[in-house]
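As provided, query.cif (mmCIF, C-alpha atoms) reads as follows.
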data_query
#
loop_
_atom_site.label_atom_id
_atom_site.label_comp_id
_atom_site.auth_asym_id
_atom_site.auth_seq_id
_atom_site.Cartn_x
_atom_site.Cartn_y
_atom_site.Cartn_z
CA MET A 124 108.03 112.52 93.49
CA VAL A 125 105.90 113.37 90.48
CA THR A 126 106.45 112.28 86.88
CA ARG A 127 104.92 114.25 84.04
CA GLY A 128 104.30 113.99 80.33
CA GLU A 129 101.93 112.40 77.88
CA TYR A 130 101.82 111.83 74.15
CA GLY A 131 102.29 115.02 72.15
CA ILE A 132 102.83 117.26 75.19
CA THR A 133 106.08 119.18 75.63
CA LEU A 134 106.82 120.32 79.18
CA PRO A 135 109.75 122.27 80.67
CA SER A 136 110.32 119.40 83.12
CA TYR A 137 109.19 115.80 83.41
CA PHE A 138 110.12 115.17 87.05
CA GLN A 139 109.27 117.22 90.13
CA ALA A 140 109.80 116.70 93.86
CA TYR A 141 107.38 118.12 96.43
CA ASP A 142 107.42 118.45 100.20
CA LYS A 143 104.98 115.78 101.39
CA ASN A 144 103.77 117.92 104.32
CA THR A 145 103.17 121.24 102.55
CA LEU A 146 102.93 120.02 98.93
CA THR A 147 105.24 122.85 97.88
CA ILE A 148 107.67 122.10 95.07
CA ILE A 149 111.29 121.60 96.17
CA TYR A 150 113.00 121.09 92.82
CA GLU A 151 112.47 119.83 89.29
CA ILE A 152 114.68 118.16 86.69
CA THR A 153 114.72 119.80 83.26
CA ASN A 154 117.14 117.63 81.28
CA ILE A 155 115.32 114.28 81.08
CA SER A 156 115.05 113.46 77.39
CA GLY A 157 111.35 112.60 77.20
CA SER A 158 108.01 112.06 78.86
CA CYS A 159 108.11 110.13 82.11
CA ALA A 160 105.91 107.26 83.30
CA GLU A 161 106.35 105.47 86.63
CA VAL A 162 109.05 106.18 89.21
CA ARG A 163 110.49 103.92 91.92
CA THR A 164 113.40 104.32 94.33
CA VAL A 165 116.32 102.07 95.28
CA ASN A 166 118.39 103.43 98.16
CA ASP A 167 118.94 107.13 97.31
CA THR A 168 118.23 106.94 93.58
CA ALA A 169 114.98 107.43 91.71
CA TYR A 170 114.47 105.28 88.62
CA ILE A 171 112.09 106.73 86.03
CA ALA A 172 110.66 105.10 82.90
CA VAL A 173 111.16 107.48 79.96
CA ASN A 174 109.27 107.14 76.69
CA ASP A 175 107.85 109.27 73.91
CA PHE A 176 105.11 106.84 72.82
CA GLY A 177 107.19 106.35 69.67
CA ASN A 178 110.65 104.82 69.41
CA MET A 179 112.23 105.74 72.75
CA GLY A 180 112.94 103.57 75.76
CA LYS A 181 115.16 104.84 78.57
CA MET A 182 115.62 104.72 82.32
CA ALA A 183 116.46 108.07 83.94
CA LEU A 184 118.34 108.11 87.25
CA ILE A 185 117.93 110.96 89.74
CA ALA A 186 120.37 111.33 92.65
CA LEU A 187 117.91 112.24 95.40
CA ASN A 188 120.47 113.35 98.00
CA ASN A 189 122.00 115.86 95.59
CA GLN A 190 118.72 116.56 93.79
CA ILE A 191 120.38 116.25 90.39
CA PHE A 192 119.99 114.33 87.16
CA ALA A 193 122.54 111.48 87.17
CA ARG A 194 122.23 109.75 83.80
CA GLU A 195 120.00 107.81 81.43
CA ILE A 196 120.19 104.16 80.40
CA ASP A 197 119.08 103.48 76.82
CA LEU A 198 117.04 100.25 76.94
CA GLY A 199 117.39 99.60 73.21
CA ILE A 200 114.86 98.64 70.57
CA ASP A 201 113.32 95.82 72.63
CA GLY A 202 112.89 98.13 75.62
CA MET A 203 110.96 100.88 73.85
CA ASN A 204 108.13 102.65 75.64
CA PRO A 205 108.59 101.48 79.24
CA GLU A 206 105.59 102.32 81.40
CA ALA A 207 105.65 100.33 84.64
CA VAL A 208 108.68 100.20 86.96
CA ARG A 209 108.96 97.40 89.54
CA VAL A 210 111.64 96.85 92.21
CA GLU A 211 112.83 93.61 93.81
CA GLY A 212 115.89 94.01 96.04
CA ASN A 213 118.67 95.65 94.03
CA ARG A 214 117.04 95.02 90.66
CA ILE A 215 114.66 97.22 88.68
CA TYR A 216 112.20 95.86 86.14
CA THR A 217 110.39 97.81 83.44
CA VAL A 218 107.33 96.54 81.59
CA ASN A 219 107.63 97.85 78.03
CA SER A 220 104.97 98.39 75.38
CA MET A 221 107.55 98.27 72.56
CA ASP A 222 105.71 99.15 69.31
CA TRP A 223 102.29 98.09 70.64
CA THR A 224 102.38 94.78 68.74
CA ASN A 225 104.46 93.06 71.39
CA SER A 226 105.63 93.60 74.98
CA SER A 227 108.81 92.99 76.94
CA ILE A 228 110.30 93.12 80.43
CA THR A 229 113.74 94.62 81.10
CA ASP A 230 115.80 93.55 84.12
CA ILE A 231 118.26 96.27 85.26
CA ASP A 232 121.02 95.80 87.84
CA ALA A 233 120.96 98.90 90.03
CA ALA A 234 124.64 98.60 90.95
CA SER A 235 126.13 98.25 87.47
CA GLY A 236 123.42 99.62 85.19
CA THR A 237 123.64 96.52 83.01
CA PHE A 238 120.37 95.03 81.77
CA GLN A 239 118.73 92.29 79.77
CA THR A 240 115.35 92.33 78.04
CA GLN A 241 112.96 89.46 77.41
CA LYS A 242 110.16 89.70 74.85
CA LEU A 243 106.84 88.32 76.09
CA GLY A 244 105.53 87.25 72.69
CA THR A 245 102.20 89.00 73.18
CA SER A 246 99.85 90.29 70.48
CA GLY A 247 99.81 93.79 71.97
CA ASN A 248 101.24 96.04 74.65
CA CYS A 249 100.96 95.44 78.38
CA GLY A 250 98.55 97.50 80.39
CA ALA A 251 98.34 96.67 84.08
CA SER A 252 101.14 94.90 85.93
CA THR A 253 102.45 94.25 89.43
CA LEU A 254 105.29 92.31 91.08
CA TYR A 255 104.75 89.69 93.76
CA ALA A 256 106.88 86.84 95.15
CA GLY A 257 109.39 86.83 92.31
CA ASN A 258 106.80 87.08 89.54
CA ILE A 259 105.50 89.95 87.43
CA TYR A 260 101.76 89.64 86.86
CA PHE A 261 100.67 91.47 83.70
CA GLN A 262 97.75 91.84 81.35
CA VAL A 263 97.85 92.71 77.67
CA TYR A 264 95.39 95.41 76.59
CA GLY A 265 92.09 93.96 75.44
CA GLU A 266 92.65 90.51 76.91
CA ASN A 267 90.89 88.86 79.86
CA ARG A 268 93.93 86.93 81.12
CA VAL A 269 96.80 87.69 83.46
CA GLY A 270 100.23 86.32 82.56
CA VAL A 271 102.78 85.34 85.22
CA PHE A 272 106.44 86.11 84.38
CA ASP A 273 109.19 84.55 86.50
CA ILE A 274 111.92 87.17 87.00
CA ILE A 275 114.56 84.47 87.54
CA THR A 276 113.88 82.09 84.64
CA LYS A 277 112.60 84.91 82.38
CA ASN A 278 109.65 82.79 81.28
CA VAL A 279 105.88 83.23 81.32
CA TRP A 280 105.02 80.09 83.25
CA ASP A 281 101.32 80.56 83.99
CA THR A 282 98.21 82.34 82.73
CA LEU A 283 95.18 83.20 84.86
CA THR A 284 91.84 83.57 83.07
CA ILE A 285 90.01 86.21 85.12
CA ASN A 286 87.50 87.30 82.44
CA GLU A 287 88.18 90.97 83.10
CA ASN A 288 90.05 93.62 81.15
CA VAL A 289 91.76 95.59 83.89
CA TYR A 290 93.24 99.06 84.30
CA GLY A 291 95.36 98.45 87.40
CA LEU A 292 96.76 95.47 89.31
CA GLY A 293 98.00 95.05 92.87
CA ILE A 294 98.69 92.03 95.07
CA ASP A 295 98.35 92.09 98.85
CA PRO A 296 101.80 91.04 100.15
CA VAL A 297 100.26 89.40 103.24
CA ASN A 298 97.62 87.09 101.78
CA GLY A 299 98.44 87.05 98.06
CA LEU A 300 95.05 88.30 96.89
CA ILE A 301 95.03 90.02 93.48
CA TYR A 302 93.21 93.37 93.27
CA ALA A 303 92.16 94.36 89.73
CA GLY A 304 90.85 97.84 88.88
CA ILE A 305 88.14 97.91 86.22
CA THR A 306 86.69 101.00 84.54
CA ASP A 307 85.29 102.57 81.38
CA TYR A 308 87.48 105.63 82.15
CA VAL A 309 84.40 107.85 82.23
CA SER A 310 81.53 106.77 84.45
CA PHE A 311 82.41 103.91 86.80
CA GLY A 312 85.13 102.02 88.61
CA LYS A 313 85.19 98.77 90.54
CA VAL A 314 87.74 96.43 92.05
CA SER A 315 87.56 92.67 91.64
CA VAL A 316 89.58 90.46 93.98
CA PHE A 317 91.06 87.12 92.86
CA ASP A 318 93.16 84.42 94.47
CA LEU A 319 96.47 83.37 92.90
CA SER A 320 94.66 80.76 90.82
CA GLY A 321 92.50 83.42 89.17
CA ASN A 322 89.29 82.61 91.09
CA ARG A 323 87.15 85.63 91.93
CA VAL A 324 86.63 85.95 95.68
CA ASP A 325 85.20 89.46 96.09
CA SER A 326 84.43 92.79 94.39
CA PHE A 327 83.51 96.30 95.45
CA ALA A 328 82.74 99.68 93.93
CA ALA A 329 85.49 102.28 93.55
CA GLY A 330 86.04 105.67 91.97
CA VAL A 331 86.52 106.03 88.22
CA SER A 332 89.79 104.53 86.88
CA PRO A 333 91.22 102.66 89.90
CA GLY A 334 94.70 102.14 88.51
CA THR A 335 97.07 102.13 91.49
CA PHE A 336 97.02 99.99 94.63
CA ALA A 337 99.06 100.58 97.80
CA PHE A 338 99.03 98.22 100.77
CA ASP A 339 99.74 99.53 104.27
CA VAL A 340 101.41 96.59 106.00
CA ARG A 341 102.59 97.09 109.57
CA GLN A 342 104.45 94.82 111.96
CA VAL A 343 103.63 94.72 115.65
CA THR A 344 106.82 94.85 117.73
CA GLY A 345 107.81 95.53 121.30
CA ILE A 346 105.03 93.58 123.02
CA GLU A 347 106.15 92.86 126.56
CA LYS A 348 106.11 89.34 127.92
CA THR A 349 103.03 88.70 130.01
CA ASP A 350 103.19 87.78 133.67
CA LYS A 351 103.18 84.02 134.21
CA ASN A 352 100.14 84.43 136.47
CA ASN A 353 98.04 85.86 133.65
CA ASN A 354 95.71 83.68 131.63
CA PHE A 355 94.03 84.49 128.33
CA ILE A 356 90.49 83.83 127.21
CA PHE A 357 89.45 83.81 123.56
CA ILE A 358 85.92 85.18 123.46
CA SER A 359 85.21 83.30 120.20
CA ASN A 360 86.51 79.76 120.15
CA PRO A 361 86.93 78.42 117.51
CA VAL A 362 87.46 81.65 115.55
CA SER A 363 87.63 82.72 111.92
CA GLY A 364 88.74 86.26 111.14
CA ASN A 365 88.88 88.54 114.19
CA ALA A 366 89.01 87.40 117.82
CA ASP A 367 88.62 89.27 121.12
CA VAL A 368 91.25 88.44 123.72
CA MET A 369 90.73 88.97 127.45
CA SER A 370 93.53 88.74 130.01
CA TYR A 371 92.98 88.04 133.68
CA SER A 372 95.25 87.39 136.65
CA LYS A 373 95.27 84.31 138.87
CA ASN A 374 96.02 86.56 141.82
CA PRO A 375 93.66 89.53 141.64
CA LEU A 376 94.04 92.31 144.17
#
Written as structure tokens, that's how I'd like the structure from this file.
Amino acid sequence: MVTRGEYGITLPSYFQAYDKNTLTIIYEITNISGSCAEVRTVNDTAYIAVNDFGNMGKMALIALNNQIFAREIDLGIDGMNPEAVRVEGNRIYTVNSMDWTNSSITDIDAASGTFQTQKLGTSGNCGASTLYAGNIYFQVYGENRVGVFDIITKNVWDTLTINENVYGLGIDPVNGLIYAGITDYVSFGKVSVFDLSGNRVDSFAAGVSPGTFAFDVRQVTGIEKTDKNNNFIFISNPVSGNADVMSYSKNPL
């Protein structure tokens, strides 16, 4: 799924779907009312942030099974210029730049389409954001802090001073480490890694403008129960990080 559109650009369509194996276009939607930012899916529906970098704020819904435009939800004056879309269960959250002098987060119920919006009381619009463990982590453009918004209480309950102005944010769902993309948009890119208290724990070089993070988390299933006559040896004991495991039988042939 590809969203399209930027400030001042008029396109015949703002959403396209491609075959992931051949990268050939399957269909496109031509009746979305404005430029599209992020897209996320819940069940068989795509939710797309729609804005015109002016006074528009909408959520477009695409019925993926039928490949058709379903409807748009007008997010109102406090939900203008949504950019980021986050999903938690059956709820969709947009991080909105409003009029660039404040920011807000809109909570949309996927089943009913009803929503509520909470202003963040910032001095500018939000840039990077991510959702982790019931909180939306966000940074306002030009600041060196990351705010933590509780999606249940609708309050900013913490602020992490990371001393970096970031372009993208992502949090590893396994260990809770925060990955922050940093760039000048022209010549360099790096990623700084922080713990959930805002302490820097690592950094590494990346391509220019590292703005999106995806974490490939896999579960190991279907491991058969070992024979009771087998013993295990840990090659490193004690161990920190990776360990080699050797199995041997009490009754070798």
Using all atoms listed in the file, which residues sit within 9 Å of Phe176 of chain A once same-chain residues fewer than 6 positions away are excluded, as a ChimeraX atom specification? /A:129-131,158,203-204,220-222
Check what the PyMOL selection byres ((chain A and resi 258) around 6) selects in the file above and give those residues as an mmCIF file with C-alpha atoms, in the coordinates of the input.
data_model
loop_
_atom_site.group_PDB
_atom_site.id
_atom_site.type_symbol
_atom_site.label_atom_id
_atom_site.label_comp_id
_atom_site.auth_asym_id
_atom_site.auth_seq_id
_atom_site.Cartn_x
_atom_site.Cartn_y
_atom_site.Cartn_z
ATOM 1 C CA LEU A 254 105.290 92.310 91.080
ATOM 2 C CA TYR A 255 104.750 89.690 93.760
ATOM 3 C CA ALA A 256 106.880 86.840 95.150
ATOM 4 C CA GLY A 257 109.390 86.830 92.310
ATOM 5 C CA ILE A 259 105.500 89.950 87.430
ATOM 6 C CA PHE A 272 106.440 86.110 84.380
ATOM 7 C CA ASP A 273 109.190 84.550 86.500
ATOM 8 C CA ILE A 274 111.920 87.170 87.000
#
Evaluate the PyMOL selection byres ((chain A and resi 235) around 12) and record the selected residues as a compact mmCIF listing (two decimals) with C-alpha atoms, keeping the file's coordinate frame, following the chain and residue labels used in the document.
# COMPACT_ATOMS: atom_id res chain seq x y z
CA ILE A 196 120.19 104.16 80.40
CA ASN A 213 118.67 95.65 94.03
CA ARG A 214 117.04 95.02 90.66
CA ILE A 215 114.66 97.22 88.68
CA ASP A 230 115.80 93.55 84.12
CA ILE A 231 118.26 96.27 85.26
CA ASP A 232 121.02 95.80 87.84
CA ALA A 233 120.96 98.90 90.03
CA ALA A 234 124.64 98.60 90.95
CA GLY A 236 123.42 99.62 85.19
CA THR A 237 123.64 96.52 83.01
CA PHE A 238 120.37 95.03 81.77
Name every residue that the PyMOL selection byres ((chain A and resi 171-173) around 8) selects in this structure, writing the answer as a list of chain:residue names with chains first and numbers rising. A:Thr126, A:Ser156, A:Gly157, A:Ser158, A:Cys159, A:Ala160, A:Glu161, A:Val162, A:Arg163, A:Ala169, A:Tyr170, A:Asn174, A:Asp175, A:Met179, A:Gly180, A:Lys181, A:Met182, A:Ala183, A:Leu184, A:Asn204, A:Pro205, A:Glu206, A:Ala207, A:Val208, A:Thr217
Applying 6 Å and only C-alpha atoms, which residues near segment 322-334 of chain A remain after dropping the ones on its own chain fewer than 5 positions away? List them as a PyMOL selection string. chain A and resi 290-291+304+306+308+311-317
Can you work out which one of A:Lys277, A:Asp295, A:Val271, A:Phe261 has the shortest atom-to-atom distance to Lys242 of chain A, counting all atoms listed in the file?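 Of A:Lys277, A:Asp295, A:Val271, A:Phe261, the one nearest Lys242 of chain A is A:Lys277, counting all atoms listed in the file.
Neighbours of Val297 of chain A closer than or equal to 12 Å, with all atoms listed in the file counted and sequence neighbours fewer than 2 positions away skipped, come out as Tyr255, Ala256, Ile294, Asp295, Gly299, Leu300, Ile301, Phe338, Asp339, Val340, Arg341 and Gln342 of chain A.
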Between A:Ile305, A:Ile285, A:Leu187, A:Val263, which has the minimum distance to Ile152 of chain A (counting only C-alpha atoms)?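 Of A:Ile305, A:Ile285, A:Leu187, A:Val263, the one nearest Ile152 of chain A, counting only C-alpha atoms, is A:Leu187.
Counting from atom CA of Asn188 of chain A, the distance to atom CA of Asp167 of chain A is 6.4 Å.
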For atom CA of Val289 of chain A and atom CA of Val125 of chain A, quote the distance in Å rounded to one decimal.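 Going from atom CA of Val289 of chain A over to atom CA of Val125 of chain A, I get 23.7 Å.
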Might you pull out every residue within 9 Å of Ile155 of chain A, with only C-alpha atoms counted and same-chain residues fewer than 6 positions away left off, and present them as a VMD selection string? chain A and resid 136 to 138 173 183 192 194 to 195
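Atom pair atom CA of Gly293 of chain A / atom CA of Gln241 of chain A: separated by 22.2 Å.
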Of the candidates A:Trp223, A:Phe336, A:Trp280, A:Tyr260, which shows the shortest atom-to-atom distance to Gly177 of chain A, using all atoms listed in the file?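 Of A:Trp223, A:Phe336, A:Trp280, A:Tyr260, the one nearest Gly177 of chain A is A:Trp223, counting all atoms listed in the file.
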Extending 3 Å beyond the listed atoms of segment 265-283 of chain A on each side, what axis-aligned box results? I want centre and edge lengths in Å to one decimal, as lines of an AutoDock Vina configuration file.
center_x = 102.7
center_y = 87.0
center_z = 81.5
size_x = 29.7
size_y = 19.9
size_z = 18.1
Ranking A:Ile132, A:Leu292, A:Val309, A:Ile275 by minimum distance to Ala337 of chain A and counting all atoms listed in the file, which one comes first? A:Leu292
Residues near Ser226 of chain A, cut-off 7 Å, all atoms listed in the file, skip fewer than 4 positions along chain, as a list of chain:residue names: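 The filter keeps A:Asn219, A:Ser220, A:Met221, A:Lys242, A:Leu243, A:Gly244, A:Thr245, A:Gly247, A:Asn248, A:Cys249.
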Shortest interatomic distance to Val279 of chain A - which of A:Ala193, A:Val210, A:Ile228, A:Ala303, counting all atoms listed in the file: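 The closest residue to Val279 of chain A is A:Ile228.
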Could you tell me which of A:Thr282, A:Asn144, A:Asn298, A:Asn288 comes closest to Ser320 of chain A if we count only C-alpha atoms?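 Checking each of A:Thr282, A:Asn144, A:Asn298, A:Asn288 against Ser320 of chain A, counting only C-alpha atoms, the winner is A:Thr282.
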